[in-house]
Every structure is written in structure tokens, then in C-alpha cells.
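As provided, target_3.cif (mmCIF, C-alpha atoms and all ligand atoms) reads as follows.
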data_upload
loop_
_atom_site.label_atom_id
_atom_site.label_comp_id
_atom_site.auth_asym_id
_atom_site.auth_seq_id
_atom_site.Cartn_x
_atom_site.Cartn_y
_atom_site.Cartn_z
CA MET F 1 8.55 27.40 -1.34
CA GLY F 2 6.36 29.68 -3.47
CA SER F 3 3.51 28.75 -5.73
CA VAL F 4 4.22 26.22 -8.52
CA ARG F 5 2.04 25.63 -11.59
CA VAL F 6 2.33 22.45 -13.66
CA THR F 7 0.47 22.24 -16.97
CA ALA F 8 -0.44 19.16 -19.00
CA ALA F 9 -2.28 18.18 -22.16
CA ALA F 10 -4.69 16.44 -19.78
CA VAL F 11 -5.33 16.55 -16.04
CA VAL F 12 -7.18 13.51 -14.68
CA THR F 13 -8.21 14.65 -11.21
CA GLY F 14 -9.18 11.27 -9.79
CA ASP F 15 -12.68 12.38 -8.80
CA GLY F 16 -14.18 12.16 -12.27
CA ALA F 17 -13.08 15.48 -13.77
CA ILE F 18 -10.72 15.78 -16.74
CA HIS F 19 -9.26 19.07 -18.01
CA ARG F 20 -7.82 19.08 -21.54
CA PRO F 21 -5.42 20.87 -21.36
CA GLY F 22 -5.19 21.57 -17.66
CA ALA F 23 -3.04 22.81 -14.81
CA VAL F 24 -2.45 22.08 -11.16
CA GLU F 25 -1.10 24.72 -8.79
CA PHE F 26 0.37 24.08 -5.39
CA ASP F 27 1.99 26.00 -2.61
CA ASP F 28 3.78 24.75 0.48
CA GLY F 29 2.98 21.14 -0.39
CA ILE F 30 -0.77 21.64 -0.78
CA ILE F 31 -2.81 21.91 -3.98
CA THR F 32 -4.29 25.40 -4.34
CA ALA F 33 -5.97 25.22 -7.77
CA VAL F 34 -6.90 22.68 -10.47
CA GLY F 35 -8.50 23.66 -13.76
CA PRO F 36 -8.22 24.26 -17.49
CA ALA F 37 -5.08 25.72 -19.08
CA ASP F 38 -4.08 26.99 -22.54
CA SER F 39 -1.55 24.29 -23.31
CA GLY F 40 0.73 21.63 -21.83
CA ASP F 41 2.16 18.21 -22.50
CA GLY F 42 1.73 14.81 -20.87
CA LEU F 43 -0.99 13.69 -18.47
CA LEU F 44 -1.20 14.74 -14.82
CA MET F 45 -2.90 12.52 -12.29
CA PRO F 46 -2.81 11.93 -8.53
CA GLY F 47 0.04 9.85 -7.14
CA LEU F 48 -0.95 6.21 -6.64
CA VAL F 49 -1.65 4.94 -3.11
CA ASN F 50 -0.30 1.52 -2.13
CA CYS F 51 -2.58 0.52 0.75
CA HIS F 52 -0.84 -2.60 1.95
CA CYS F 53 2.83 -3.40 1.89
CA HIS F 54 5.84 -4.52 3.84
CA SER F 55 8.25 -2.64 1.63
CA PRO F 56 11.49 -3.47 3.49
CA MET F 57 10.91 -7.05 2.36
CA ALA F 58 12.63 -5.77 -0.78
CA VAL F 59 15.71 -7.35 0.83
CA LEU F 60 13.91 -10.73 0.67
CA ARG F 61 12.72 -10.38 -2.92
CA GLY F 62 12.95 -13.80 -4.54
CA ALA F 63 13.79 -15.58 -1.25
CA ALA F 64 10.83 -17.96 -1.49
CA GLU F 65 9.04 -18.74 -4.71
CA ASP F 66 6.16 -21.03 -5.61
CA VAL F 67 5.24 -21.90 -2.02
CA PRO F 68 2.03 -21.23 -0.08
CA LEU F 69 1.77 -18.51 2.57
CA ASP F 70 2.38 -20.72 5.59
CA THR F 71 5.65 -22.17 4.22
CA PHE F 72 6.66 -18.72 3.00
CA LEU F 73 6.26 -17.18 6.46
CA ARG F 74 7.48 -19.95 8.75
CA GLU F 75 10.39 -21.37 6.77
CA VAL F 76 11.75 -18.37 4.94
CA VAL F 77 10.52 -14.98 6.06
CA TRP F 78 10.30 -15.04 9.85
CA PRO F 79 13.73 -16.67 10.44
CA ARG F 80 15.36 -14.09 8.17
CA GLU F 81 13.35 -11.14 9.46
CA ALA F 82 14.40 -12.00 13.02
CA GLN F 83 18.00 -11.25 11.89
CA LEU F 84 17.28 -7.88 10.27
CA ASN F 85 18.96 -4.86 11.83
CA ASP F 86 17.92 -1.20 11.57
CA ASP F 87 20.36 -0.47 8.75
CA ASP F 88 19.08 -3.42 6.69
CA VAL F 89 15.57 -2.03 7.00
CA TYR F 90 16.65 1.55 6.29
CA TRP F 91 18.34 0.57 3.01
CA ALA F 92 15.61 -1.85 1.93
CA MET F 93 12.98 0.83 2.57
CA THR F 94 15.09 3.41 0.74
CA LEU F 95 15.33 1.18 -2.32
CA ALA F 96 11.62 0.41 -2.06
CA CYS F 97 10.79 4.14 -1.96
CA ALA F 98 12.85 4.68 -5.10
CA GLU F 99 11.00 1.81 -6.78
CA MET F 100 7.59 3.17 -5.80
CA LEU F 101 8.31 6.81 -6.62
CA ARG F 102 9.70 5.84 -10.02
CA ALA F 103 6.39 4.03 -10.65
CA GLY F 104 4.31 7.02 -9.52
CA VAL F 105 3.35 5.45 -6.18
CA THR F 106 3.61 8.39 -3.80
CA THR F 107 2.01 6.94 -0.64
CA SER F 108 2.43 3.53 0.93
CA CYS F 109 0.83 1.99 4.00
CA GLU F 110 3.55 0.02 5.74
CA MET F 111 3.10 -2.85 8.17
CA TYR F 112 6.49 -3.88 9.53
CA VAL F 113 8.92 -3.90 12.40
CA HIS F 114 11.92 -1.53 12.75
CA GLU F 115 9.57 1.46 12.45
CA GLU F 116 12.22 4.09 13.21
CA PRO F 117 14.50 3.37 10.21
CA ILE F 118 11.42 3.02 7.98
CA ALA F 119 10.27 6.52 8.94
CA ARG F 120 13.76 7.93 8.39
CA ALA F 121 14.01 6.27 4.97
CA VAL F 122 10.63 7.73 3.92
CA VAL F 123 11.67 11.21 5.06
CA ASP F 124 15.05 10.97 3.30
CA ALA F 125 13.50 9.60 0.08
CA GLY F 126 10.87 12.35 -0.02
CA SER F 127 8.04 9.81 -0.07
CA ARG F 128 4.82 9.64 1.97
CA CYS F 129 3.68 6.82 4.21
CA LEU F 130 1.13 5.64 6.73
CA LEU F 131 3.39 3.73 9.08
CA THR F 132 1.68 1.00 11.09
CA PRO F 133 4.25 -0.79 13.27
CA GLY F 134 3.29 -4.44 13.49
CA VAL F 135 2.67 -6.59 16.54
CA MET F 136 2.71 -10.37 16.34
CA ASP F 137 3.50 -13.27 18.60
CA VAL F 138 5.68 -15.86 16.89
CA PRO F 139 8.77 -17.80 18.02
CA GLY F 140 12.07 -15.93 17.86
CA TRP F 141 10.50 -12.50 18.35
CA LEU F 142 9.62 -10.29 21.31
CA SER F 143 6.47 -11.41 23.12
CA TRP F 144 3.41 -9.49 21.96
CA ARG F 145 3.29 -7.56 25.26
CA GLU F 146 6.91 -6.42 24.94
CA ARG F 147 6.44 -5.55 21.31
CA LEU F 148 3.22 -3.60 21.94
CA GLU F 149 4.98 -1.61 24.63
CA GLN F 150 7.82 -0.86 22.22
CA VAL F 151 5.38 0.21 19.50
CA LEU F 152 3.40 2.48 21.82
CA ARG F 153 6.60 4.14 23.04
CA PHE F 154 7.47 4.86 19.40
CA LEU F 155 3.98 6.12 18.51
CA ASP F 156 3.78 8.40 21.54
CA SER F 157 6.99 10.23 20.64
CA ALA F 158 7.37 9.90 16.85
CA SER F 159 7.04 12.90 14.58
CA TYR F 160 8.25 12.74 10.98
CA GLU F 161 7.39 14.83 7.98
CA ARG F 162 4.94 13.08 5.60
CA VAL F 163 4.71 10.03 7.90
CA ALA F 164 1.25 9.43 9.37
CA LEU F 165 1.03 6.90 12.18
CA GLY F 166 -1.16 3.89 12.83
CA ILE F 167 -0.70 0.49 14.42
CA ALA F 168 -0.85 -3.05 13.09
CA ALA F 169 -2.02 -6.32 14.54
CA HIS F 170 -0.38 -8.78 12.15
CA SER F 171 -3.35 -11.17 12.11
CA ALA F 172 -5.72 -13.20 14.24
CA TYR F 173 -3.60 -16.30 13.56
CA THR F 174 -0.38 -14.77 14.94
CA LEU F 175 -1.89 -13.13 18.03
CA PRO F 176 -3.93 -14.34 21.02
CA VAL F 177 -7.28 -12.63 21.56
CA GLU F 178 -5.94 -10.66 24.56
CA ALA F 179 -3.37 -9.10 22.23
CA LEU F 180 -6.07 -8.18 19.70
CA ASP F 181 -8.03 -6.58 22.54
CA ALA F 182 -5.03 -4.60 23.78
CA ILE F 183 -4.11 -3.35 20.29
CA ALA F 184 -7.68 -2.27 19.53
CA ALA F 185 -7.87 -0.48 22.89
CA ALA F 186 -4.60 1.35 22.22
CA ALA F 187 -5.84 2.36 18.76
CA LEU F 188 -9.17 3.64 20.08
CA GLU F 189 -7.47 5.56 22.86
CA ARG F 190 -5.11 7.30 20.39
CA ASP F 191 -7.54 7.43 17.43
CA LEU F 192 -5.13 5.42 15.30
CA LEU F 193 -5.94 3.36 12.23
CA VAL F 194 -5.42 -0.37 12.88
CA HIS F 195 -4.01 -2.40 10.02
CA ILE F 196 -4.51 -6.18 10.01
CA HIS F 197 -4.38 -9.15 7.63
CA ILE F 198 -7.84 -10.78 7.47
CA ALA F 199 -8.94 -13.93 5.63
CA GLU F 200 -5.95 -14.06 3.31
CA THR F 201 -6.21 -17.84 3.02
CA ARG F 202 -9.07 -20.29 3.38
CA GLU F 203 -7.37 -21.84 6.43
CA GLU F 204 -7.54 -18.61 8.40
CA TRP F 205 -10.36 -19.46 10.76
CA THR F 206 -10.28 -19.70 14.51
CA GLY F 207 -12.18 -22.88 15.29
CA ASP F 208 -15.51 -22.64 13.48
CA GLN F 209 -15.68 -18.86 13.71
CA SER F 210 -14.64 -16.53 10.89
CA VAL F 211 -12.04 -13.91 11.72
CA PRO F 212 -14.37 -10.96 11.05
CA SER F 213 -16.97 -12.38 13.45
CA LEU F 214 -14.28 -12.97 16.08
CA LEU F 215 -13.01 -9.41 15.63
CA ALA F 216 -16.53 -7.98 15.84
CA GLU F 217 -17.22 -9.98 19.00
CA ARG F 218 -13.96 -8.70 20.59
CA ARG F 219 -14.97 -5.12 19.61
CA PHE F 220 -11.78 -4.90 17.51
CA LEU F 221 -13.91 -3.63 14.62
CA ASP F 222 -14.96 -0.63 16.73
CA ALA F 223 -11.55 0.84 15.91
CA ARG F 224 -10.71 2.39 12.53
CA VAL F 225 -9.73 -0.84 10.74
CA LEU F 226 -7.87 -1.36 7.47
CA ALA F 227 -8.22 -5.02 6.55
CA ALA F 228 -5.66 -6.33 4.09
CA HIS F 229 -6.61 -9.10 1.64
CA SER F 230 -10.08 -10.10 2.93
CA VAL F 231 -10.22 -12.85 0.33
CA HIS F 232 -12.41 -15.45 1.98
CA LEU F 233 -15.41 -13.52 3.31
CA SER F 234 -18.97 -14.74 3.61
CA ASP F 235 -21.97 -12.48 3.11
CA SER F 236 -22.25 -12.08 6.87
CA ASP F 237 -18.55 -11.18 7.11
CA LEU F 238 -19.18 -8.48 4.49
CA ASP F 239 -22.18 -7.32 6.54
CA LEU F 240 -19.84 -6.85 9.50
CA TYR F 241 -17.39 -4.86 7.33
CA GLU F 242 -20.26 -2.66 6.22
CA GLN F 243 -21.65 -2.16 9.73
CA HIS F 244 -18.22 -1.26 11.12
CA ASP F 245 -17.00 0.74 8.09
CA VAL F 246 -13.97 -1.53 7.72
CA ALA F 247 -11.70 -0.40 4.86
CA VAL F 248 -10.11 -3.00 2.59
CA ALA F 249 -6.66 -3.17 1.02
CA HIS F 250 -7.24 -5.43 -1.98
CA CYS F 251 -4.05 -7.21 -3.07
CA PRO F 252 -4.98 -9.25 -6.15
CA GLN F 253 -1.47 -9.98 -7.41
CA SER F 254 -0.09 -11.21 -4.09
CA ASN F 255 -3.26 -13.28 -3.62
CA ALA F 256 -2.81 -14.80 -7.08
CA LYS F 257 0.87 -15.60 -6.63
CA LEU F 258 0.29 -17.39 -3.32
CA ALA F 259 -2.84 -19.09 -4.72
CA ALA F 260 -4.78 -17.53 -1.85
CA GLY F 261 -7.91 -16.79 -3.87
CA ILE F 262 -9.80 -13.85 -5.34
CA ALA F 263 -11.40 -11.29 -3.04
CA ARG F 264 -15.04 -10.29 -3.72
CA LEU F 265 -14.20 -6.83 -5.01
CA GLN F 266 -17.47 -6.13 -6.80
CA ASP F 267 -19.48 -7.21 -3.74
CA MET F 268 -17.38 -4.91 -1.56
CA LEU F 269 -17.96 -1.99 -3.90
CA ASP F 270 -21.69 -2.74 -4.12
CA ARG F 271 -21.82 -2.38 -0.34
CA GLY F 272 -20.03 0.95 -0.48
CA LEU F 273 -16.95 -0.24 1.39
CA ARG F 274 -13.83 1.92 1.20
CA VAL F 275 -11.42 -0.13 -0.94
CA GLY F 276 -7.86 0.63 -1.99
CA LEU F 277 -5.24 -1.48 -3.75
CA GLY F 278 -2.07 -2.96 -2.28
CA THR F 279 0.94 -4.77 -3.64
CA ASP F 280 1.75 -6.57 -0.37
CA GLY F 281 5.47 -7.13 0.29
CA PRO F 282 7.97 -7.39 -2.57
CA ALA F 283 8.74 -10.98 -1.54
CA THR F 284 5.24 -12.11 -2.58
CA ASN F 285 4.45 -9.92 -5.58
CA ASN F 286 7.43 -9.41 -6.46
CA ASP F 287 7.40 -5.66 -6.97
CA LEU F 288 5.84 -2.49 -5.60
CA ASP F 289 4.48 -1.33 -8.95
CA LEU F 290 0.78 -0.72 -8.27
CA TRP F 291 0.00 -0.41 -11.99
CA ASP F 292 -0.12 -4.22 -12.05
CA GLU F 293 -2.94 -4.15 -9.49
CA VAL F 294 -4.76 -1.38 -11.34
CA ARG F 295 -5.15 -3.79 -14.25
CA LEU F 296 -5.42 -7.10 -12.42
CA ALA F 297 -8.16 -6.00 -9.98
CA PRO F 298 -10.76 -5.32 -12.71
CA LEU F 299 -9.63 -8.34 -14.76
CA LEU F 300 -10.21 -10.72 -11.86
CA ALA F 301 -13.48 -9.01 -10.90
CA LYS F 302 -14.79 -9.51 -14.45
CA LEU F 303 -13.75 -13.17 -14.47
CA GLN F 304 -15.12 -13.81 -10.99
CA THR F 305 -18.52 -12.28 -11.68
CA GLY F 306 -18.78 -13.33 -15.33
CA ASP F 307 -19.74 -9.71 -16.00
CA ALA F 308 -17.59 -7.69 -18.41
CA GLY F 309 -19.14 -4.59 -16.89
CA ALA F 310 -17.71 -5.28 -13.42
CA VAL F 311 -15.20 -2.68 -12.14
CA PRO F 312 -14.86 -0.41 -15.19
CA ALA F 313 -11.62 1.47 -15.89
CA ALA F 314 -12.64 4.63 -14.03
CA LYS F 315 -13.40 2.57 -10.92
CA ALA F 316 -10.08 0.69 -11.18
CA LEU F 317 -8.19 3.97 -11.35
CA GLU F 318 -10.21 5.34 -8.45
CA LEU F 319 -9.25 2.33 -6.29
CA ALA F 320 -5.57 3.16 -6.78
CA THR F 321 -6.00 6.88 -6.04
CA ALA F 322 -9.05 8.36 -4.29
CA GLY F 323 -10.12 4.96 -2.94
CA GLY F 324 -6.69 4.43 -1.42
CA GLY F 325 -6.77 7.88 0.16
CA ALA F 326 -10.20 7.14 1.67
CA ALA F 327 -9.14 3.70 2.91
CA LEU F 328 -6.12 5.19 4.69
CA GLY F 329 -7.93 8.33 5.84
CA LEU F 330 -5.26 10.58 4.28
CA PRO F 331 -5.82 13.72 2.14
CA VAL F 332 -4.22 12.14 -0.94
CA GLY F 333 -5.43 10.49 -4.15
CA VAL F 334 -7.40 13.36 -5.67
CA LEU F 335 -6.15 16.50 -7.41
CA GLU F 336 -8.23 19.14 -5.65
CA PRO F 337 -7.49 22.23 -3.57
CA GLY F 338 -6.60 21.38 0.02
CA ARG F 339 -5.15 17.96 -0.73
CA ALA F 340 -1.47 17.05 -0.66
CA ALA F 341 0.41 18.00 -3.83
CA ASP F 342 1.26 14.39 -4.75
CA LEU F 343 1.24 14.41 -8.55
CA VAL F 344 2.36 12.13 -11.35
CA LYS F 345 3.00 13.18 -14.93
CA LEU F 346 2.98 10.53 -17.65
CA ARG F 347 4.23 10.74 -21.20
CA ILE F 348 1.35 10.20 -23.57
CA ASP F 349 3.35 10.51 -26.80
CA ASP F 350 3.30 6.74 -26.93
CA PRO F 351 1.46 4.27 -29.20
CA VAL F 352 -0.67 3.00 -26.29
CA PHE F 353 -2.22 6.45 -25.87
CA VAL F 354 -3.49 6.63 -29.48
CA PRO F 355 -6.22 7.37 -30.33
CA VAL F 356 -7.95 9.69 -27.87
CA LEU F 357 -11.38 10.58 -29.25
CA GLU F 358 -13.07 11.53 -26.01
CA ASP F 359 -12.08 12.16 -22.40
CA ARG F 360 -12.92 8.68 -21.18
CA ASP F 361 -10.38 7.18 -23.62
CA LEU F 362 -7.65 8.68 -21.45
CA VAL F 363 -8.91 6.72 -18.45
CA SER F 364 -9.26 3.50 -20.48
CA HIS F 365 -5.71 3.88 -21.79
CA LEU F 366 -4.38 4.61 -18.29
CA VAL F 367 -5.85 1.39 -16.95
CA TRP F 368 -5.71 -1.03 -19.86
CA SER F 369 -2.70 -0.03 -21.92
CA SER F 370 -0.48 2.26 -19.86
CA SER F 371 2.09 1.31 -17.26
CA SER F 372 4.70 2.74 -14.94
CA ARG F 373 7.21 2.95 -17.80
CA LEU F 374 5.39 6.10 -18.96
CA VAL F 375 5.83 7.89 -15.61
CA GLU F 376 7.98 10.92 -16.32
CA ASP F 377 7.78 13.32 -13.34
CA VAL F 378 6.57 12.87 -9.77
CA TRP F 379 6.01 15.32 -6.93
CA VAL F 380 5.32 14.46 -3.29
CA GLY F 381 4.11 17.25 -1.04
CA GLY F 382 5.00 19.66 -3.83
CA THR F 383 8.64 18.55 -4.07
CA GLN F 384 9.78 16.87 -7.27
CA VAL F 385 11.26 13.42 -6.60
CA VAL F 386 11.24 11.90 -10.11
CA ALA F 387 12.39 13.85 -13.16
CA ARG F 388 12.46 12.54 -16.73
CA GLY F 389 11.76 9.02 -15.52
CA ALA F 390 14.52 8.84 -12.90
CA CYS F 391 14.19 9.03 -9.13
CA THR F 392 16.21 12.08 -8.10
CA SER F 393 15.62 11.92 -4.35
CA VAL F 394 17.41 8.60 -3.74
CA ASP F 395 20.93 7.42 -4.60
CA VAL F 396 19.55 4.32 -6.30
CA GLU F 397 22.95 2.84 -7.11
CA ARG F 398 24.08 3.02 -3.48
CA ALA F 399 20.75 1.67 -2.19
CA SER F 400 20.87 -1.25 -4.66
CA HIS F 401 24.41 -2.10 -3.59
CA GLU F 402 23.49 -1.96 0.11
CA VAL F 403 20.46 -4.21 -0.35
CA GLN F 404 22.43 -6.70 -2.45
CA GLU F 405 25.14 -7.02 0.23
CA ARG F 406 22.64 -7.29 3.06
CA ALA F 407 20.55 -9.92 1.26
CA GLN F 408 23.69 -12.00 0.82
CA ARG F 409 24.43 -11.81 4.56
CA LEU F 410 20.85 -12.89 5.39
CA THR F 411 21.10 -16.05 3.25
CA ARG F 412 24.12 -17.11 5.30
CA ILE F 413 22.04 -16.83 8.50
CA GLY F 414 18.75 -18.19 7.15
ZN ZN H 501 0.73 -8.44 3.93
#
I need this file expressed as C-alpha cells, please.
Amino acid sequence: MGSVRVTAAAVVTGDGAIHRPGAVEFDDGIITAVGPADSGDGLLMPGLVNCHCHSPMAVLRGAAEDVPLDTFLREVVWPREAQLNDDDVYWAMTLACAEMLRAGVTTSCEMYVHEEPIARAVVDAGSRCLLTPGVMDVPGWLSWRERLEQVLRFLDSASYERVALGIAAHSAYTLPVEALDAIAAAALERDLLVHIHIAETREEWTGDQSVPSLLAERRFLDARVLAAHSVHLSDSDLDLYEQHDVAVAHCPQSNAKLAAGIARLQDMLDRGLRVGLGTDGPATNNDLDLWDEVRLAPLLAKLQTGDAGAVPAAKALELATAGGGAALGLPVGVLEPGRAADLVKLRIDDPVFVPVLEDRDLVSHLVWSSSSRLVEDVWVGGTQVVARGACTSVDVERASHEVQERAQRLTRIG
């Protein structure tokens, strides 16, 4: 596609460097140069990485409010999800991609069923995703053995542009231990990341054993694990995460809304764990705008530790970019040569970006006073997908209409 150069009044690379003004060059979807420039407008930064979501739940947005996780899943979500068809998921994912891209979220890690239409929607929307088809064993669904077989058939033949593949074990409370064993074995054999919900609620224990200790005992943690939530962890659970290099998708807003608790973010960072941020599904958040998490994660960490110095702005921004890339094992989240050209340009001719007296003010403003409303242009793999604040790669009106109609049908079944 030829080399493209984008200039900006400031380039925040995501690995600590800031160029004022600066430029990013890319060719064939990959960044080739990052450095100072003579002039430019706006602020360029890496696309945000949403490390844990079930984006097609956009069709269930608002379906269950003000209830705890167990009620949410058993009474509302699972009965409706069992009725979803491929087209429902395709359109919900398409609308979700438009929502994320518009907010500057260029990569999402998806745990869901109907993996084929999800991959197609991501390709068509021009987004990027780590797709981890989910296996669980609950009434009304395929048995875990049938589902695992289906997932492995998909993984062994799937090939989609900008879609990396992993596998998901929904959780230790929706799967028997033999299923956890089989999923971990499949992941190890294929060198796939395994995505799983761990310790989201206080109730999530198996007998008197914590889930991390069960998973370590079953050698599940020998695989490349991405643990969503990880709210209720003891020191010894954190030791296990450290020993097994378990990555964490921290989802503070979903955890707050379901009154699940506050994960020990500062303790995780002190141990050097790879941590990214996630929105979780749009039925528990209720959006896919990761800027909320960028602000909420440090706020909660400060409250939890009683230390105003916990998780400073630069660290919060890193969690949403470079940290997310590291947690997913994808070459995204930093503007540097060799990484994917996933870029976001924000308007900074806005009151919340005044004043800027030194470089670090830009980072403070990004975290504490900015938001997705300032996202102006977005590129994924070097292709522009948002221009002047509008998603240009998705027919948003059509997708909205489709999701509206399909949500109405699902309420009649549910
Ligand atoms: Zn989740």
C-alpha cells in the first residue's frame, strides 16, 4: 500500500517516549519509523487493547441490570445466548467493532461462541482481535466434549486477517476438571493462549480450594494463561500467578457494576505480572469504551491501597496499551518499528488539554481528563477505519438497525 507518514503535535509512543511534534511511518500494516517531526496537529498514541470482552453481548446490552453475576448468567444471559444464531452474532460483533474503533480501541480479546461470524465481522470491520472460542458445560448447550471438538475443528482450519487465535475455558465453575485438563492439553499442543475467568466473585471456590491452586494442581497454569478478573486472590494465589507467568485482564468497571470486588492491581504490578485492561461484555459494563477503565483502574487502586501514588497516570495508560499487548502476546500497544500500525489520533484543541507545560502533562491529561470523545482518526494495520470522529469501515446505521431487531426477537424467546 506504500509508505504512509502521519504527523502530530505530540506522539506518545506507549513505552515512555514522547515526541513533540512527532511522526509515525508505516508500510504494509507495520510501523517502520517513529520520531520527531517539524510540525503536526493532535496527539498520536497506540490503539487501546481491550483484553477481556464478549463483544457480541452488545445485543444483550441492558437485558439485566442491578443483579449479581449468578442471576445475570443463569436467568438472563444463558437462556438468551442459547437462541443466538450466526447472523445475530455477526451483526452484534459488527456494531461492537464500530463502537470500539470509534473509541480508539483497535484490538479486543474475545471469549464467546459462534467464532466464525465473529471472525468475519472483525475482518469486515477492519478491526483486530484475539479470538478465543469459549467452552463451557451448562444446561441448554452442547456438552463440553462436543463443544471442544467443534472449537478445535475451527482452530485447526481458521485463517483470517488480523484475527489471532486462542481458546477459552469459561471458568472452573462451569467446567468439570476433566474439561479443564483437556482444554489445557489442547492449548499446550497448539501453543495457544488460554483465556479463562478466575475469581470474579468471592463464591468462586471449589470446595475449600482456590481456583488458582486447583488450576496449578491440574497443570492448567502450565499453558499460556490469560486470567480475566482475578478479583479475589490470596497472596499464595498471586504467588502461583507469578510462578506460572499468568497474565491478567483487569476489568474494574464490570467488577464494580456486579459488586464483585476490587482486584489487587498494585500487588499484581509489584510482582511484575503482565496486566491489561478489559471492559468485559457490554451487558455488564455497559459499553466497550476502555477509556473508562483507564481512569477507574488507578482510582480504585489508590482507594484500595490508601496510597495516592498507586498506579500513576503513565502506568494506567500503559495497562491499556503496551500492557494489553504483552498480556495477549500480540505485537500491538506500542508505537515502535516492527509493531502493527494500530494508531489513534486525538484532538487536543480542547479545554481538557490545557495547559501543557511539560511532556508528562500530556499523559496526565490523557488519563485524567481526556476521553473517547476526542478520538479523531484511527488506523488498524495501517488502514484508516475512523476519520474525523466517525467509523468509516462499518455501516453503523445498518448494524444498529440489525441489532435492534434481533434484540427484540430475543426478548420474545427469553
Ligand atoms: Zn467475562
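Each of F:Pro79, F:Gly140, F:Gly35, F:Gly272 was compared to F:Pro337 using all atoms listed in the file, and F:Gly35 turns out to be the nearest.
The spacing separating atom CA of F:Ala17 from atom CA of F:Leu335 amounts to 9.5 Å.
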What are the closest atom pairs, with distances in Å to one decimal, for each residue of chain F lying within 9 Å of ligand ZN 501 (chain H), using all atoms listed in the file, rows by chain and rising residue number, as a Markdown table?
| residue | atom | partner | partner_atom | distance |
| --- | --- | --- | --- | --- |
| F:His52 | CA | H:ZN501 | ZN | 6.4 |
| F:Cys53 | CA | H:ZN501 | ZN | 5.8 |
| F:His54 | CA | H:ZN501 | ZN | 6.4 |
| F:Met111 | CA | H:ZN501 | ZN | 7.4 |
| F:His170 | CA | H:ZN501 | ZN | 8.3 |
| F:Ile196 | CA | H:ZN501 | ZN | 8.3 |
| F:His197 | CA | H:ZN501 | ZN | 6.3 |
| F:Glu200 | CA | H:ZN501 | ZN | 8.8 |
| F:Ala228 | CA | H:ZN501 | ZN | 6.7 |
| F:His229 | CA | H:ZN501 | ZN | 7.7 |
| F:Cys251 | CA | H:ZN501 | ZN | 8.6 |
| F:Ser254 | CA | H:ZN501 | ZN | 8.5 |
| F:Gly278 | CA | H:ZN501 | ZN | 8.7 |
| F:Thr279 | CA | H:ZN501 | ZN | 8.4 |
| F:Asp280 | CA | H:ZN501 | ZN | 4.8 |
| F:Gly281 | CA | H:ZN501 | ZN | 6.1 |
| F:Thr284 | CA | H:ZN501 | ZN | 8.7 |
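You will find atom CA of F:Ala37 at 9.3 Å from atom CA of F:Ala10.
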Please provide as a PDB file with C-alpha atoms, in the coordinates of the input all residues within 7 Å of stretch 93-96 of chain F, with the sequence filter that same-chain residues fewer than 5 positions apart are discarded (counting all atoms listed in the file).
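File produced: part-v8.pdb:
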ATOM      1  CA  SER F  55       8.250  -2.640   1.630  1.00  0.00           C
ATOM      2  CA  PRO F  56      11.490  -3.470   3.490  1.00  0.00           C
ATOM      3  CA  ALA F  58      12.630  -5.770  -0.780  1.00  0.00           C
ATOM      4  CA  ILE F 118      11.420   3.020   7.980  1.00  0.00           C
ATOM      5  CA  ALA F 121      14.010   6.270   4.970  1.00  0.00           C
ATOM      6  CA  VAL F 122      10.630   7.730   3.920  1.00  0.00           C
ATOM      7  CA  ALA F 125      13.500   9.600   0.080  1.00  0.00           C
ATOM      8  CA  VAL F 396      19.550   4.320  -6.300  1.00  0.00           C
ATOM      9  CA  ALA F 399      20.750   1.670  -2.190  1.00  0.00           C
ATOM     10  CA  SER F 400      20.870  -1.250  -4.660  1.00  0.00           C
TER      11      SER F 400
END
